[in-house]
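Read the structure below first, then the notes.
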Number of protein chains: 2
Amino acid sequence: MNDFIYDIPTKVYFGKDQLKNLGPELKKYGQRVLMVYGGGSIKRIGLYDKVMNEIKKSGLEVFELSGVKPNPSIESVREGARICKEKQVDVVLAVGGGSTLDCTKFIAAGAKVDFDPWDFFNDKWAPLTEALPILDVLTLSATGSEMDCGGVISNPATNDKIGRLEPVLQPKASFLDPTTTFTVSPYQTACGSADMMSHIIEVYFNMNEDFDMLDGFMEALMRNIVKYAPIAMKEPENYKARAELMWTGTWAINGFIDGGKRQAWSCHPMEHELSAVYDITHGLGLAILTPRWMEYCLDESNVDKYVQYAQNVFGIHGTDKMEVARKGIEALRNFLFGQLGLKSTLPQVGIDETHFDSMAEKAVKNGGTQHAFKPLAKEDVKNIYKMCME
Amino acid sequence: MNDFIYDIPTKVYFGKDQLKNLGPELKKYGQRVLMVYGGGSIKRIGLYDKVMNEIKKSGLEVFELSGVKPNPSIESVREGARICKEKQVDVVLAVGGGSTLDCTKFIAAGAKVDFDPWDFFNDKWAPLTEALPILDVLTLSATGSEMDCGGVISNPATNDKIGRLEPVLQPKASFLDPTTTFTVSPYQTACGSADMMSHIIEVYFNMNEDFDMLDGFMEALMRNIVKYAPIAMKEPENYKARAELMWTGTWAINGFIDGGKRQAWSCHPMEHELSAVYDITHGLGLAILTPRWMEYCLDESNVDKYVQYAQNVFGIHGTDKMEVARKGIEALRNFLFGQLGLKSTLPQVGIDETHFDSMAEKAVKNGGTQHAFKPLAKEDVKNIYKMCME
């Protein structure tokens, strides 16, 4: 077992009546707030007004950056950092989903440096040791950005989509109100759920020695997604289903389940290259990739882990290990493409083989897939992309 | 589902090669350290020297308070607070198990006030809003005090044993090295495991609406204790077993599994009164009480929870719910009194009915058992004590 440091200090206000604490939390960090959000959805659901009301009730001064898009772009980061410097902002507040949060994190870091924030991601890999305090009001259960110290930024000019983790990007406080996700469409609920599922699977399938207590927790999280995602899709205002998904999504990636495991991830780097070029929804890309990756990696040396997963997540039992393992993968496909109704192949989402070569190269370079569960070189990644064609 | 605030900022250094981080962590909080510990065991295992070495390597000044006993007494708190004031201590370091940690927490608080620290616990219930920073090196997997903000202190003069939770008592950093528990005797390993088991059961059996993901986690924690406690007893230097128990014990009570549940506990207050009068080991008292309490509370209205527990922790299935529930309780008895070899009745540990009346009265008053899973008035508590006579 590897040594590890557990350090997840984010304070979480969970529930439907917590926004009253937003003003006081912001105020701990200063007087001038930059509020970052995406399109008009937070205005449609009335959240914009509620948040503004709380900020103003506390006597804070607020500036705004709107228009942050899914797969958030370095342009938004630059713009946000510029505003922070110009207006001498003390604290940044994301109101939205993972994209808005990720963008806000790097705005907070960009505000503290004199160079172009893309230098955090390009070959310079500029030191990222300071950031303005980050808070958030979450509106989508998916990426877990609300309780982790990472984010992913795209650069449309170079077709790059690169992630980075740094302790200073850990949110100080996150507001998780399941009712803010009531208006998330069934399709986006499905994509978010696929994202969470993939986060857990990337950690669970691992050749480092396991903590049984964490494996048990991951199995509980996966069972929870399988149980509650379909309910939330059918009954969007089912508070319990939304709450279970929301808290599950947070713990799927905040670092606790790693317990010292040190392997690189596979599906996420492969997906980042897909969405860097094609701008597809992250969770959908992961849904298509994950079962193929599991198939590609399965062999006699790791079959026991697949059996454990098949038994404890989907209740599949049997004596032939390889058969149980394959049924476990099939059960995941049925969940993703059947119950959640997600598209199941790359052609269905308008992606052909054109860029497989360059995407595979970048996945290995940017994601370090050669250090993953099953080490994946460029050819392996290409093979997995090809498996997604049908 | 209730709203809740998740706020567990303790940083944990987990593993066998982490003590090198102790000096730098202490140094964040100042130059003058009070090290608190119990008897000679940390000297026998060489931990005292290792810790001292790290403290001195960092150029810190260190003072000592030793002799903290199990069921730590207010006398030690007073003495520690006195030293802190006299020596102008900046930060306190507990090296030991839950008793040393609990004592250290209230020393840290006592150092900040001018009144007698027992006023934190008696009818005055003095405000506890400040404390010196608290760090710890844990040597026993049991109480979870390393990642929670509570502690329990005894007053031999009044036969009181009272707990208190306050955010300022949350440790800043905890060092959890499974090898420091290699010398914990099979008996103490058993008592610690019973303590953890009881922590989880007190939360799991609850009439508030559950988070399924947290129930699943609690079941994984309980299965883990059942699996690894006997291994750790037989093979005291089995790193994996010690590590699983150590991290399980921490998460059994750090607050995460509560997820907004608001019920009072039952077995812990009942046990505190036992050990206040008889000074028995906390985990042993809990082991004797817990299965009786489960039996006493079981009825048609809550049987489903018992069935869920019996199935998911012990793999007991069946069609008659009450029978499955009873088998689940029986399985716990077999684990505690069979596999762990703990004594199973109060007379076996030298306790008779003499003080049942006054202990029951205090359990209700100090522990609020009338607000628990099954509300327990004084007569109920007495009945449960009586069930422990055979």
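Lettering and numbering for the structure tokens are positional, with chains as A, B, ... in the shown order, residues counted from 1 in each chain, and ligands counted from 1 in the shown order.
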Just asking: which residues within range 16-206 of chain B are helix (DSSP H, G or I) according to DSSP, as a short mmCIF file (atom, residue, chain, number, x, y, z; two decimals) with C-alpha atoms, in the first residue's frame?
```cif
data_model
loop_
_atom_site.label_atom_id
_atom_site.label_comp_id
_atom_site.auth_asym_id
_atom_site.auth_seq_id
_atom_site.Cartn_x
_atom_site.Cartn_y
_atom_site.Cartn_z
CA LEU B 19 6.82 11.44 10.16
CA LYS B 20 9.32 13.55 8.22
CA ASN B 21 6.42 15.95 7.64
CA LEU B 22 5.71 16.42 11.35
CA GLY B 23 8.25 19.16 12.04
CA PRO B 24 7.21 21.34 9.09
CA GLU B 25 3.51 20.90 9.99
CA LEU B 26 4.10 21.91 13.63
CA LYS B 27 6.22 24.84 12.54
CA SER B 41 4.44 2.56 25.56
CA ILE B 42 5.51 5.22 23.06
CA LYS B 43 9.00 5.04 24.56
CA ARG B 44 9.04 1.23 24.40
CA LEU B 47 8.06 6.39 18.79
CA TYR B 48 8.94 8.92 21.48
CA ASP B 49 12.49 9.20 20.15
CA LYS B 50 11.35 9.42 16.54
CA VAL B 51 8.86 12.19 17.30
CA MET B 52 11.34 14.12 19.46
CA ASN B 53 13.92 13.80 16.74
CA GLU B 54 11.59 15.29 14.13
CA ILE B 55 10.54 18.12 16.44
CA LYS B 56 14.11 19.02 17.29
CA LYS B 57 15.28 18.71 13.69
CA ILE B 74 -9.92 16.65 34.02
CA GLU B 75 -6.79 16.73 36.23
CA SER B 76 -4.60 16.08 33.18
CA VAL B 77 -6.47 18.75 31.24
CA ARG B 78 -5.87 21.26 34.04
CA GLU B 79 -2.19 20.38 34.24
CA GLY B 80 -1.70 20.62 30.47
CA ALA B 81 -3.51 23.96 30.26
CA ARG B 82 -1.35 25.25 33.09
CA ILE B 83 1.85 24.29 31.26
CA CYS B 84 0.61 25.90 28.05
CA LYS B 85 -0.01 29.18 29.82
CA GLU B 86 3.19 29.11 31.81
CA LYS B 87 5.41 28.19 28.86
CA GLY B 98 -8.04 8.45 21.67
CA SER B 99 -7.61 9.20 25.37
CA THR B 100 -4.44 11.19 24.83
CA LEU B 101 -6.03 12.96 21.90
CA ASP B 102 -9.21 13.87 23.76
CA CYS B 103 -7.19 15.16 26.68
CA THR B 104 -4.98 17.21 24.34
CA LYS B 105 -7.99 18.81 22.68
CA PHE B 106 -9.29 20.20 25.95
CA ILE B 107 -5.79 21.22 27.03
CA ALA B 108 -5.68 23.29 23.83
CA ALA B 109 -8.98 24.90 24.78
CA GLY B 110 -8.11 25.24 28.46
CA PRO B 117 -11.66 23.70 32.22
CA TRP B 118 -14.29 21.55 33.96
CA ASP B 119 -16.63 24.50 33.31
CA PHE B 120 -16.62 23.30 29.66
CA SER B 145 -10.57 11.48 17.62
CA GLU B 146 -7.82 12.13 15.04
CA MET B 147 -10.30 13.52 12.52
CA PRO B 167 -15.16 23.03 15.58
CA VAL B 168 -12.03 24.57 17.14
CA LEU B 169 -11.08 21.14 18.51
CA PRO B 178 -0.26 1.62 10.70
CA THR B 179 3.10 0.34 11.93
CA THR B 180 2.66 2.31 15.19
CA THR B 181 -0.26 -0.05 15.94
CA PRO B 186 -4.96 -8.47 20.59
CA TYR B 187 -7.23 -7.42 23.46
CA GLN B 188 -6.86 -3.69 22.79
CA THR B 189 -7.24 -4.34 19.06
CA ALA B 190 -10.52 -6.07 19.84
CA CYS B 191 -11.73 -3.23 22.07
CA GLY B 192 -10.80 -0.62 19.45
CA SER B 193 -12.62 -2.58 16.77
CA ALA B 194 -15.72 -2.84 18.93
CA ASP B 195 -15.57 0.92 19.45
CA MET B 196 -15.47 1.58 15.69
CA MET B 197 -18.25 -0.89 15.05
CA SER B 198 -20.40 0.85 17.60
CA HIS B 199 -19.69 4.29 16.09
CA ILE B 200 -21.03 3.10 12.77
CA ILE B 201 -24.02 1.26 14.22
CA GLU B 202 -25.08 4.35 16.19
CA VAL B 203 -25.34 6.30 12.93
CA TYR B 204 -26.59 3.49 10.71
#
```
Open item on the list: Using only C-alpha atoms and a cut-off of 8 Å, which residues of chain A sit close to chain B? Please list them as a VMD selection string.
Closed with: chain A and resid 1 to 18 211 to 213 216 to 217 220 to 221 224 240 244 248
Open item on the list: Taking only C-alpha atoms into account, name the residue in A:Gln31, A:Asn334, A:Thr129, A:Asn122 that is nearest to Val89 in chain A.
Closed with: A:Gln31
Task: Long-range neighbours of Ser154 in chain A as a list of chain:residue names, 10 Å cut-off, only C-alpha atoms, 4 positions minimum in chain - done: A:Pro70, A:Asn71, A:Pro72, A:Ser73, A:Ile74, A:Glu75, A:Cys103, A:Trp118, A:Phe121, A:Thr158, A:Asn159, A:Asp160, A:Lys161, A:Ile162, A:Gly163, A:His272, A:Glu273, A:Ser275, A:Ala276, A:Val277, A:Asp279
